[in-house]
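What follows is the content of input_26.pdb, which has PDB, C-alpha atoms:
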```pdb
MODEL        1
ATOM      1  CA  LEU V   1     115.289  50.434  90.951
ATOM      2  CA  LEU V   2     116.988  51.456  87.702
ATOM      3  CA  ALA V   3     117.440  47.885  86.419
ATOM      4  CA  VAL V   4     121.048  48.766  85.596
ATOM      5  CA  PRO V   5     123.523  45.993  86.536
ATOM      6  CA  VAL V   6     127.038  47.096  87.414
ATOM      7  CA  VAL V   7     130.536  45.777  88.013
ATOM      8  CA  ARG V   8     131.789  46.708  91.469
ATOM      9  CA  GLY V   9     135.478  47.402  91.716
ATOM     10  CA  VAL V  10     138.439  49.491  92.790
ATOM     11  CA  LYS V  11     140.049  52.118  90.598
ATOM     12  CA  SER V  12     143.685  51.807  89.604
ATOM     13  CA  PRO V  13     146.082  54.342  91.196
ATOM     14  CA  SER V  14     146.014  56.363  87.963
ATOM     15  CA  GLU V  15     142.214  56.592  87.980
ATOM     16  CA  ARG V  16     141.938  57.142  91.724
ATOM     17  CA  PHE V  17     140.471  60.376  93.096
ATOM     18  CA  ALA V  18     143.284  62.841  93.854
ATOM     19  CA  GLY V  19     144.279  62.616  97.487
ATOM     20  CA  ALA V  20     142.315  59.440  98.168
ATOM     21  CA  GLU V  21     143.836  56.236  99.464
ATOM     22  CA  GLU V  22     141.286  54.154  97.546
ATOM     23  CA  THR V  23     138.433  54.781  95.121
ATOM     24  CA  PHE V  24     135.608  52.284  94.751
ATOM     25  CA  THR V  25     133.412  52.419  91.680
ATOM     26  CA  ILE V  26     130.406  50.883  89.988
ATOM     27  CA  GLU V  27     130.750  50.508  86.208
ATOM     28  CA  ALA V  28     127.797  49.930  83.901
ATOM     29  CA  LEU V  29     127.860  48.716  80.300
ATOM     30  CA  MET V  30     125.889  50.692  77.742
ATOM     31  CA  GLN V  31     124.242  49.173  74.669
ATOM     32  CA  ASN V  32     127.065  50.260  72.369
ATOM     33  CA  GLY V  33     129.692  48.368  74.378
ATOM     34  CA  TRP V  34     131.112  51.373  76.215
ATOM     35  CA  ALA V  35     131.370  51.635  79.981
ATOM     36  CA  LEU V  36     129.925  54.369  82.146
ATOM     37  CA  GLN V  37     131.279  55.128  85.604
ATOM     38  CA  SER V  38     128.016  55.341  87.490
ATOM     39  CA  GLY V  39     129.061  56.122  91.040
ATOM     40  CA  THR V  40     132.147  56.313  93.224
ATOM     41  CA  SER V  41     133.153  56.174  96.859
ATOM     42  CA  HIS V  42     136.519  57.514  98.002
ATOM     43  CA  PHE V  43     138.399  56.520 101.122
ATOM     44  CA  LEU V  44     140.325  59.693 101.966
ATOM     45  CA  GLY V  45     142.256  58.413 104.964
ATOM     46  CA  GLN V  46     143.400  61.214 107.270
ATOM     47  CA  SER V  47     145.009  63.473 104.651
ATOM     48  CA  PHE V  48     142.077  65.869 104.353
ATOM     49  CA  GLY V  49     141.670  65.990 108.122
ATOM     50  CA  LYS V  50     145.295  67.014 108.467
ATOM     51  CA  ALA V  51     145.120  69.522 105.610
ATOM     52  CA  PHE V  52     142.070  71.292 107.053
ATOM     53  CA  ASP V  53     142.896  70.697 110.716
ATOM     54  CA  VAL V  54     139.740  68.708 111.449
ATOM     55  CA  THR V  55     140.072  66.547 114.557
ATOM     56  CA  PHE V  56     138.002  64.410 116.872
ATOM     57  CA  GLN V  57     138.423  63.272 120.460
ATOM     58  CA  ASP V  58     138.928  59.541 120.775
ATOM     59  CA  GLN V  59     137.829  57.324 123.648
ATOM     60  CA  ASN V  60     141.037  58.126 125.511
ATOM     61  CA  GLY V  61     140.432  61.873 125.274
ATOM     62  CA  GLU V  62     143.169  62.433 122.680
ATOM     63  CA  GLN V  63     142.724  64.648 119.623
ATOM     64  CA  LYS V  64     143.110  62.725 116.366
ATOM     65  CA  ASP V  65     142.831  63.681 112.718
ATOM     66  CA  VAL V  66     139.518  62.589 111.272
ATOM     67  CA  TRP V  67     139.208  59.782 108.759
ATOM     68  CA  GLY V  68     137.368  60.933 105.680
ATOM     69  CA  THR V  69     135.177  59.467 102.974
ATOM     70  CA  SER V  70     133.475  60.991  99.991
ATOM     71  CA  TRP V  71     130.763  59.206  98.069
ATOM     72  CA  GLY V  72     127.689  59.710  95.976
ATOM     73  CA  VAL V  73     125.861  59.241  92.721
ATOM     74  CA  SER V  74     124.574  61.960  90.458
ATOM     75  CA  THR V  75     123.072  62.642  87.045
ATOM     76  CA  ARG V  76     125.415  60.017  85.595
ATOM     77  CA  LEU V  77     122.912  57.439  86.795
ATOM     78  CA  ILE V  78     120.191  59.157  84.775
ATOM     79  CA  GLY V  79     122.415  58.841  81.718
ATOM     80  CA  ALA V  80     123.032  55.191  82.569
ATOM     81  CA  LEU V  81     119.289  54.542  82.760
ATOM     82  CA  VAL V  82     118.640  56.237  79.402
ATOM     83  CA  MET V  83     121.473  54.488  77.557
ATOM     84  CA  THR V  84     120.858  51.073  79.121
ATOM     85  CA  HIS V  85     117.179  50.664  78.268
ATOM     86  CA  SER V  86     116.076  53.124  75.599
ATOM     87  CA  ASP V  87     115.623  52.356  71.911
ATOM     88  CA  ASP V  88     115.036  54.087  68.581
ATOM     89  CA  ALA V  89     111.437  54.845  69.569
ATOM     90  CA  GLY V  90     112.536  56.919  72.572
ATOM     91  CA  LEU V  91     112.937  56.620  76.312
ATOM     92  CA  VAL V  92     112.271  53.388  78.208
ATOM     93  CA  LEU V  93     111.697  53.808  81.940
ATOM     94  CA  PRO V  94     111.803  50.920  84.419
ATOM     95  CA  PRO V  95     108.411  50.863  86.162
ATOM     96  CA  ARG V  96     109.758  51.394  89.674
ATOM     97  CA  VAL V  97     111.182  54.828  88.797
ATOM     98  CA  ALA V  98     108.674  55.930  86.153
ATOM     99  CA  PRO V  99     106.745  59.035  87.333
ATOM    100  CA  VAL V 100     103.779  57.745  85.333
ATOM    101  CA  GLN V 101     103.652  53.947  85.253
ATOM    102  CA  VAL V 102     100.417  53.629  83.282
ATOM    103  CA  VAL V 103      98.786  55.978  80.823
ATOM    104  CA  VAL V 104      95.113  55.315  80.146
ATOM    105  CA  VAL V 105      93.971  56.451  76.706
ATOM    106  CA  PRO V 106      90.175  56.424  76.376
ATOM    107  CA  ILE V 107      88.698  56.363  72.885
ATOM    108  CA  PRO V 108      85.520  58.454  73.218
ATOM    109  CA  ALA V 109      82.092  57.297  72.199
ATOM    110  CA  LYS V 110      80.304  58.978  69.318
ATOM    111  CA  LYS V 111      79.105  62.523  69.872
ATOM    112  CA  ASN V 112      75.417  61.712  70.384
ATOM    113  CA  ASP V 113      75.920  58.391  72.186
ATOM    114  CA  GLU V 114      75.040  59.461  75.734
ATOM    115  CA  GLU V 115      74.708  55.874  76.924
ATOM    116  CA  GLY V 116      78.137  55.037  75.550
ATOM    117  CA  LYS V 117      79.636  58.106  77.217
ATOM    118  CA  ALA V 118      78.148  57.135  80.570
ATOM    119  CA  ALA V 119      79.436  53.571  80.236
ATOM    120  CA  MET V 120      82.903  54.867  79.340
ATOM    121  CA  GLU V 121      82.938  57.219  82.317
ATOM    122  CA  LYS V 122      82.007  54.419  84.699
ATOM    123  CA  ALA V 123      84.587  52.065  83.180
ATOM    124  CA  LEU V 124      87.304  54.708  83.572
ATOM    125  CA  ASP V 125      86.265  55.431  87.168
ATOM    126  CA  ASP V 126      86.415  51.738  88.051
ATOM    127  CA  LEU V 127      89.738  51.258  86.256
ATOM    128  CA  THR V 128      91.469  54.264  87.805
ATOM    129  CA  SER V 129      90.106  53.442  91.261
ATOM    130  CA  GLY V 130      91.580  49.962  90.923
ATOM    131  CA  LEU V 131      94.934  51.327  89.754
ATOM    132  CA  LYS V 132      95.039  53.786  92.657
ATOM    133  CA  GLU V 133      94.193  51.068  95.148
ATOM    134  CA  ALA V 134      96.951  48.875  93.688
ATOM    135  CA  GLY V 135      99.463  51.690  94.174
ATOM    136  CA  VAL V 136      99.998  52.241  90.470
ATOM    137  CA  ARG V 137     100.929  55.757  89.315
ATOM    138  CA  TYR V 138      98.660  56.548  86.389
ATOM    139  CA  LYS V 139      97.484  59.342  84.124
ATOM    140  CA  VAL V 140      94.343  59.521  81.988
ATOM    141  CA  ASP V 141      95.014  61.216  78.657
ATOM    142  CA  ASP V 142      91.566  62.431  77.694
ATOM    143  CA  ARG V 143      92.682  65.370  75.547
ATOM    144  CA  ASP V 144      90.074  65.739  72.830
ATOM    145  CA  PHE V 145      92.265  67.889  70.566
ATOM    146  CA  VAL V 146      94.967  65.226  70.058
ATOM    147  CA  ARG V 147      94.537  62.146  67.885
ATOM    148  CA  ASN V 148      94.950  58.750  69.487
ATOM    149  CA  GLY V 149      97.949  57.869  67.321
ATOM    150  CA  ALA V 150      99.715  61.047  68.383
ATOM    151  CA  LYS V 151      99.002  60.236  72.024
ATOM    152  CA  TYR V 152     100.461  56.744  71.626
ATOM    153  CA  PHE V 153     103.592  58.163  69.999
ATOM    154  CA  GLU V 154     104.022  60.829  72.670
ATOM    155  CA  TRP V 155     103.789  58.440  75.618
ATOM    156  CA  GLU V 156     106.071  55.903  73.942
ATOM    157  CA  ARG V 157     108.734  58.560  73.470
ATOM    158  CA  LYS V 158     108.359  59.549  77.134
ATOM    159  CA  GLY V 159     109.001  55.953  78.170
ATOM    160  CA  VAL V 160     105.776  55.260  80.082
ATOM    161  CA  PRO V 161     105.914  51.502  80.825
ATOM    162  CA  LEU V 162     102.292  50.595  80.068
ATOM    163  CA  ARG V 163      99.532  52.042  77.925
ATOM    164  CA  ILE V 164      95.928  50.959  78.476
ATOM    165  CA  GLU V 165      93.506  51.648  75.650
ATOM    166  CA  VAL V 166      89.744  51.678  76.289
ATOM    167  CA  GLY V 167      87.210  52.197  73.525
ATOM    168  CA  PRO V 168      83.400  51.936  73.342
ATOM    169  CA  ARG V 169      83.544  48.413  71.932
ATOM    170  CA  ASP V 170      85.989  47.411  74.671
ATOM    171  CA  VAL V 171      83.652  48.757  77.347
ATOM    172  CA  SER V 172      80.729  46.858  75.829
ATOM    173  CA  ALA V 173      82.797  43.669  75.903
ATOM    174  CA  GLY V 174      84.117  44.376  79.417
ATOM    175  CA  VAL V 175      87.761  44.468  78.298
ATOM    176  CA  CYS V 176      90.655  46.855  77.707
ATOM    177  CA  VAL V 177      93.909  46.625  75.741
ATOM    178  CA  PHE V 178      97.415  46.577  77.246
ATOM    179  CA  LYS V 179     100.525  47.718  75.335
ATOM    180  CA  TYR V 180     103.866  47.602  77.158
ATOM    181  CA  ARG V 181     106.688  49.927  76.174
ATOM    182  CA  ALA V 182     109.419  47.258  76.163
ATOM    183  CA  ALA V 183     110.554  43.826  77.345
ATOM    184  CA  MET V 184     107.062  42.285  77.263
ATOM    185  CA  GLY V 185     106.666  41.567  73.566
ATOM    186  CA  GLU V 186     105.629  43.795  70.695
ATOM    187  CA  GLY V 187     101.935  42.977  70.534
ATOM    188  CA  LYS V 188      98.868  44.181  72.383
ATOM    189  CA  VAL V 189      97.069  42.094  75.010
ATOM    190  CA  THR V 190      93.332  42.101  75.760
ATOM    191  CA  VAL V 191      92.551  42.086  79.491
ATOM    192  CA  GLU V 192      89.246  41.920  81.358
ATOM    193  CA  LEU V 193      88.429  45.352  82.793
ATOM    194  CA  GLY V 194      87.734  43.851  86.209
ATOM    195  CA  ASP V 195      91.215  42.305  86.270
ATOM    196  CA  ALA V 196      93.057  45.244  84.700
ATOM    197  CA  ALA V 197      94.422  46.884  87.860
ATOM    198  CA  GLU V 198      95.879  43.655  89.261
ATOM    199  CA  ALA V 199      97.176  42.639  85.830
ATOM    200  CA  ALA V 200      98.869  46.033  85.429
ATOM    201  CA  SER V 201     100.524  45.805  88.839
ATOM    202  CA  LEU V 202     101.848  42.301  88.158
ATOM    203  CA  GLY V 203     102.849  43.181  84.602
ATOM    204  CA  LEU V 204     104.871  46.184  85.718
ATOM    205  CA  GLU V 205     106.845  44.050  88.157
ATOM    206  CA  GLU V 206     107.470  41.508  85.404
ATOM    207  CA  MET V 207     108.633  44.251  83.054
ATOM    208  CA  GLN V 208     111.013  45.550  85.732
ATOM    209  CA  SER V 209     112.515  42.074  86.149
ATOM    210  CA  LYS V 210     112.840  41.533  82.408
ATOM    211  CA  LEU V 211     114.571  44.868  81.857
ATOM    212  CA  LEU V 212     117.103  43.954  84.531
ATOM    213  CA  MET V 213     117.545  40.481  83.042
ATOM    214  CA  GLU V 214     118.124  41.872  79.544
ATOM    215  CA  ALA V 215     120.690  44.362  80.826
ATOM    216  CA  SER V 216     122.390  41.692  82.973
ATOM    217  CA  ASP V 217     122.665  39.357  79.994
ATOM    218  CA  ARG V 218     124.143  42.202  77.941
ATOM    219  CA  LEU V 219     126.716  42.905  80.651
ATOM    220  CA  ALA V 220     127.690  39.242  80.995
ATOM    221  CA  GLY V 221     127.949  38.858  77.222
ATOM    222  CA  GLY V 222     129.845  42.113  76.832
ATOM    223  CA  ILE V 223     132.879  41.106  78.911
ATOM    224  CA  ALA V 224     135.570  39.189  77.024
ATOM    225  CA  LEU V 225     137.779  36.800  78.964
ATOM    226  CA  GLY V 226     141.213  35.587  77.933
ATOM    227  CA  ALA V 227     141.798  38.130  75.173
ATOM    228  CA  THR V 228     145.308  39.133  74.181
ATOM    229  CA  TYR V 229     146.293  42.770  74.149
ATOM    230  CA  GLU V 230     146.454  42.722  70.362
ATOM    231  CA  GLU V 231     142.886  41.406  70.157
ATOM    232  CA  MET V 232     141.622  44.124  72.467
ATOM    233  CA  ARG V 233     143.567  46.852  70.695
ATOM    234  CA  ASP V 234     142.369  45.820  67.240
ATOM    235  CA  ALA V 235     138.752  45.775  68.456
ATOM    236  CA  LEU V 236     138.754  49.037  70.389
ATOM    237  CA  GLU V 237     141.073  51.262  68.338
ATOM    238  CA  PRO V 238     138.541  51.869  65.515
ATOM    239  CA  ASP V 239     135.556  51.850  67.890
ATOM    240  CA  GLU V 240     133.082  54.700  67.558
ATOM    241  CA  ALA V 241     130.445  55.432  70.192
ATOM    242  CA  GLY V 242     127.447  54.823  67.977
ATOM    243  CA  VAL V 243     128.458  51.808  65.916
ATOM    244  CA  TYR V 244     130.452  49.240  67.907
ATOM    245  CA  PRO V 245     128.460  45.981  67.988
ATOM    246  CA  GLY V 246     130.595  43.530  69.956
ATOM    247  CA  GLU V 247     132.199  42.911  73.329
ATOM    248  CA  GLY V 248     133.234  46.199  74.823
ATOM    249  CA  LEU V 249     134.890  45.211  78.102
ATOM    250  CA  TYR V 250     137.935  42.999  78.613
ATOM    251  CA  LEU V 251     138.745  41.238  81.871
ATOM    252  CA  VAL V 252     142.464  40.483  81.748
ATOM    253  CA  PRO V 253     145.411  39.733  84.040
ATOM    254  CA  TRP V 254     147.371  42.898  84.639
ATOM    255  CA  LYS V 255     150.464  44.121  86.427
ATOM    256  CA  CYS V 256     149.697  47.498  87.982
ATOM    257  CA  ASP V 257     151.852  49.952  86.015
ATOM    258  CA  ALA V 258     150.836  53.571  85.405
ATOM    259  CA  GLU V 259     153.230  53.998  82.471
ATOM    260  CA  ASN V 260     151.846  50.986  80.614
ATOM    261  CA  GLU V 261     148.337  52.110  81.451
ATOM    262  CA  ASP V 262     149.023  55.434  79.702
ATOM    263  CA  LYS V 263     150.494  53.646  76.677
ATOM    264  CA  ILE V 264     147.355  51.550  76.271
ATOM    265  CA  LYS V 265     145.190  54.639  76.524
ATOM    266  CA  GLU V 266     147.214  56.293  73.767
ATOM    267  CA  GLU V 267     147.214  53.212  71.529
ATOM    268  CA  CYS V 268     143.526  52.260  71.641
ATOM    269  CA  LYS V 269     141.791  54.766  73.975
ATOM    270  CA  ALA V 270     140.997  52.015  76.476
ATOM    271  CA  THR V 271     141.229  52.683  80.199
ATOM    272  CA  ILE V 272     141.112  50.488  83.275
ATOM    273  CA  ARG V 273     137.528  50.803  84.395
ATOM    274  CA  CYS V 274     138.274  49.018  87.643
ATOM    275  CA  TYR V 275     139.835  46.045  89.362
ATOM    276  CA  PRO V 276     136.613  44.023  89.861
ATOM    277  CA  LEU V 277     136.099  43.037  93.482
ATOM    278  CA  ASP V 278     134.732  39.550  92.797
ATOM    279  CA  ALA V 279     137.453  38.550  90.317
ATOM    280  CA  ASN V 280     140.267  39.784  92.536
ATOM    281  CA  GLU V 281     138.835  38.420  95.767
ATOM    282  CA  ALA V 282     138.633  35.051  94.023
ATOM    283  CA  GLY V 283     142.360  35.237  93.205
ATOM    284  CA  MET V 284     141.872  34.967  89.438
ATOM    285  CA  ALA V 285     145.159  36.801  88.774
ATOM    286  CA  GLU V 286     147.316  34.363  90.760
ATOM    287  CA  GLY V 287     149.920  32.580  88.629
ATOM    288  CA  LYS V 288     149.026  34.550  85.483
ATOM    289  CA  GLU V 289     151.094  36.885  83.346
ATOM    290  CA  CYS V 290     150.103  40.441  82.517
ATOM    291  CA  PHE V 291     148.466  40.502  79.094
ATOM    292  CA  TYR V 292     150.503  43.595  78.167
ATOM    293  CA  SER V 293     153.949  43.296  79.773
ATOM    294  CA  GLY V 294     154.185  39.540  80.305
ATOM    295  CA  GLU V 295     155.258  40.090  83.922
ATOM    296  CA  PRO V 296     153.496  38.422  86.872
ATOM    297  CA  ALA V 297     149.994  39.841  87.200
ATOM    298  CA  THR V 298     148.990  41.747  90.314
ATOM    299  CA  HIS V 299     145.295  42.174  89.489
ATOM    300  CA  MET V 300     142.491  41.227  87.187
ATOM    301  CA  ALA V 301     141.665  44.469  85.385
ATOM    302  CA  LEU V 302     138.583  45.472  83.433
ATOM    303  CA  PHE V 303     139.554  47.491  80.358
ATOM    304  CA  GLY V 304     137.232  49.264  77.947
ATOM    305  CA  ARG V 305     136.220  52.455  76.214
ATOM    306  CA  ALA V 306     134.126  54.763  78.343
ATOM    307  CA  PHE V 307     131.917  57.806  78.232
TER     308      PHE V 307
ENDMDL
END
```

Turn the structure described in the file into structure tokens.
Amino acid sequence: LLAVPVVRGVKSPSERFAGAEETFTIEALMQNGWALQSGTSHFLGQSFGKAFDVTFQDQNGEQKDVWGTSWGVSTRLIGALVMTHSDDAGLVLPPRVAPVQVVVVPIPAKKNDEEGKAAMEKALDDLTSGLKEAGVRYKVDDRDFVRNGAKYFEWERKGVPLRIEVGPRDVSAGVCVFKYRAAMGEGKVTVELGDAAEAASLGLEEMQSKLLMEASDRLAGGIALGATYEEMRDALEPDEAGVYPGEGLYLVPWKCDAENEDKIKEECKATIRCYPLDANEAGMAEGKECFYSGEPATHMALFGRAF
């Protein structure tokens, strides 16, 4: 839905939720190379059941302390969406979650052109009926006290995925003009009015896929493999949130050690974002030495700066 790819993993004991036996996390990579913890799930075991005297009756009729979990996502995901896709022109919303997927901006006919006004009204009725039938969420911006350029700027800043422009000449030619907010090229595309609703529906799905692909490529390219600790430290120590242009995450062999974890945080502000599930299930740490201590590695750890 959000077109935000994530790394699924387990938190280190130091980053684990207090009182939990395990904390699972999804970590996203923002455009500046920093990570954002985007959601967590905590396995609480029976400790909270015991602390609050919450029990259940098992199949044998015996009272047992409940097993607890805590999980959820929140406004962090909204921040992840904004920082993953947006640009200097404003917000970029993936079509599947955009409240308004298409804004239609009609360019009115001349004041005394009654025939042109009638043709425009019919064209807009046909276009919006087609969009509604295709399940596209749309809005017609027919404010006559706002210039067209100001309308374009406003809807771009709000991140609306697709703008459709319709002017008198377009209506006469039976066409309209498409302008996508991102991922679909910078230019405008002329589309037959009769095909506009279907083209918009297909184009929005393509835009959704391309936004996810762009973000996935950024995530894959933003994880460094095989780096030494010195290389990571030298890259991350001077890193500032708004300027860092390179790889922001480091997947390295690591021996679980809270003291060393704190030292790294002090030296270069990097933290273990997670022990990635796929890398550790594949046994990537086996036979390797910790990139910090040189001792046998227990995990593959994902380090990086984070919001």

Using only C-alpha atoms, what table do you get, as a Markdown table, when you list each residue of segment 148-173 of chain V with an atom no more than 12 Å from segment 110-124 of chain V, its nearest pair of atoms, and their distance in Å rounded to one decimal, rows by chain then rising number?
```
| residue | atom | partner | partner_atom | distance |
| --- | --- | --- | --- | --- |
| V:Ile164 | CA | V:Leu124 | CA | 10.7 |
| V:Glu165 | CA | V:Leu124 | CA | 10.5 |
| V:Val166 | CA | V:Met120 | CA | 8.1 |
| V:Gly167 | CA | V:Met120 | CA | 7.7 |
| V:Pro168 | CA | V:Gly116 | CA | 6.5 |
| V:Arg169 | CA | V:Gly116 | CA | 9.3 |
| V:Asp170 | CA | V:Met120 | CA | 9.3 |
| V:Val171 | CA | V:Met120 | CA | 6.5 |
| V:Ser172 | CA | V:Ala119 | CA | 8.1 |
| V:Ala173 | CA | V:Ala123 | CA | 11.3 |
```

Residues in the PyMOL selection byres ((chain V and resi 152-155) around 10), expressed as an mmCIF file with C-alpha atoms, in the frame of the given file:
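Result written to part-v5.cif:
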```
data_model
loop_
_atom_site.group_PDB
_atom_site.id
_atom_site.type_symbol
_atom_site.label_atom_id
_atom_site.label_comp_id
_atom_site.auth_asym_id
_atom_site.auth_seq_id
_atom_site.Cartn_x
_atom_site.Cartn_y
_atom_site.Cartn_z
ATOM 1 C CA ALA V 89 111.437 54.845 69.569
ATOM 2 C CA GLY V 90 112.536 56.919 72.572
ATOM 3 C CA LEU V 91 112.937 56.620 76.312
ATOM 4 C CA VAL V 100 103.779 57.745 85.333
ATOM 5 C CA VAL V 102 100.417 53.629 83.282
ATOM 6 C CA VAL V 103 98.786 55.978 80.823
ATOM 7 C CA VAL V 105 93.971 56.451 76.706
ATOM 8 C CA ASP V 141 95.014 61.216 78.657
ATOM 9 C CA ARG V 147 94.537 62.146 67.885
ATOM 10 C CA ASN V 148 94.950 58.750 69.487
ATOM 11 C CA GLY V 149 97.949 57.869 67.321
ATOM 12 C CA ALA V 150 99.715 61.047 68.383
ATOM 13 C CA LYS V 151 99.002 60.236 72.024
ATOM 14 C CA GLU V 156 106.071 55.903 73.942
ATOM 15 C CA ARG V 157 108.734 58.560 73.470
ATOM 16 C CA LYS V 158 108.359 59.549 77.134
ATOM 17 C CA GLY V 159 109.001 55.953 78.170
ATOM 18 C CA VAL V 160 105.776 55.260 80.082
ATOM 19 C CA PRO V 161 105.914 51.502 80.825
ATOM 20 C CA LEU V 162 102.292 50.595 80.068
ATOM 21 C CA ARG V 163 99.532 52.042 77.925
ATOM 22 C CA GLU V 165 93.506 51.648 75.650
ATOM 23 C CA LYS V 179 100.525 47.718 75.335
ATOM 24 C CA ARG V 181 106.688 49.927 76.174
#
```

Restrict the calculation to all atoms listed in the file, then for each residue of segment 76-148 of chain V with any atom at most 9 Å from an atom of segment 34-53 of chain V give the closest atom pair and their distance in Å to one decimal, rows by chain and rising residue number, as CSV.
```
residue,atom,partner,partner_atom,distance
V:Arg76,CA,V:Ser38,CA,5.7
V:Leu77,CA,V:Ser38,CA,5.6
V:Gly79,CA,V:Leu36,CA,8.8
V:Ala80,CA,V:Leu36,CA,7.0
```

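Distance annotation: of V:Glu266, V:Glu192, V:Glu286, V:Glu214, the residue with the minimal separation from Pro5 of chain V is V:Glu214; atom set is all atoms listed in the file.
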
Write out as a list in words each polymer residue whose atoms come within 10 Å of Val191 of chain V, counting all atoms listed in the file; drop sequence neighbours fewer than 4 positions from it. Ile164, Asp170, Gly174, Val175, Cys176, Val177, Phe178, Asp195, Ala196, Ala197, Ala199 and Ala200 of chain V

Distance in Å - atom CA of Val6 of chain V versus atom CA of Glu186 of chain V: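 Computing it gives 27.4 Å between the two atoms.
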
Rounded to one decimal in Å, what is the spacing between atom CA of Trp67 of chain V and atom CA of Gly19 of chain V? 12.7 Å

When the PyMOL selection byres ((chain V and resi 209) around 12) is applied to the file above, which residues end up in the set, as a ChimeraX atom specification? /V:1-5,94-96,182-184,202-208,210-216
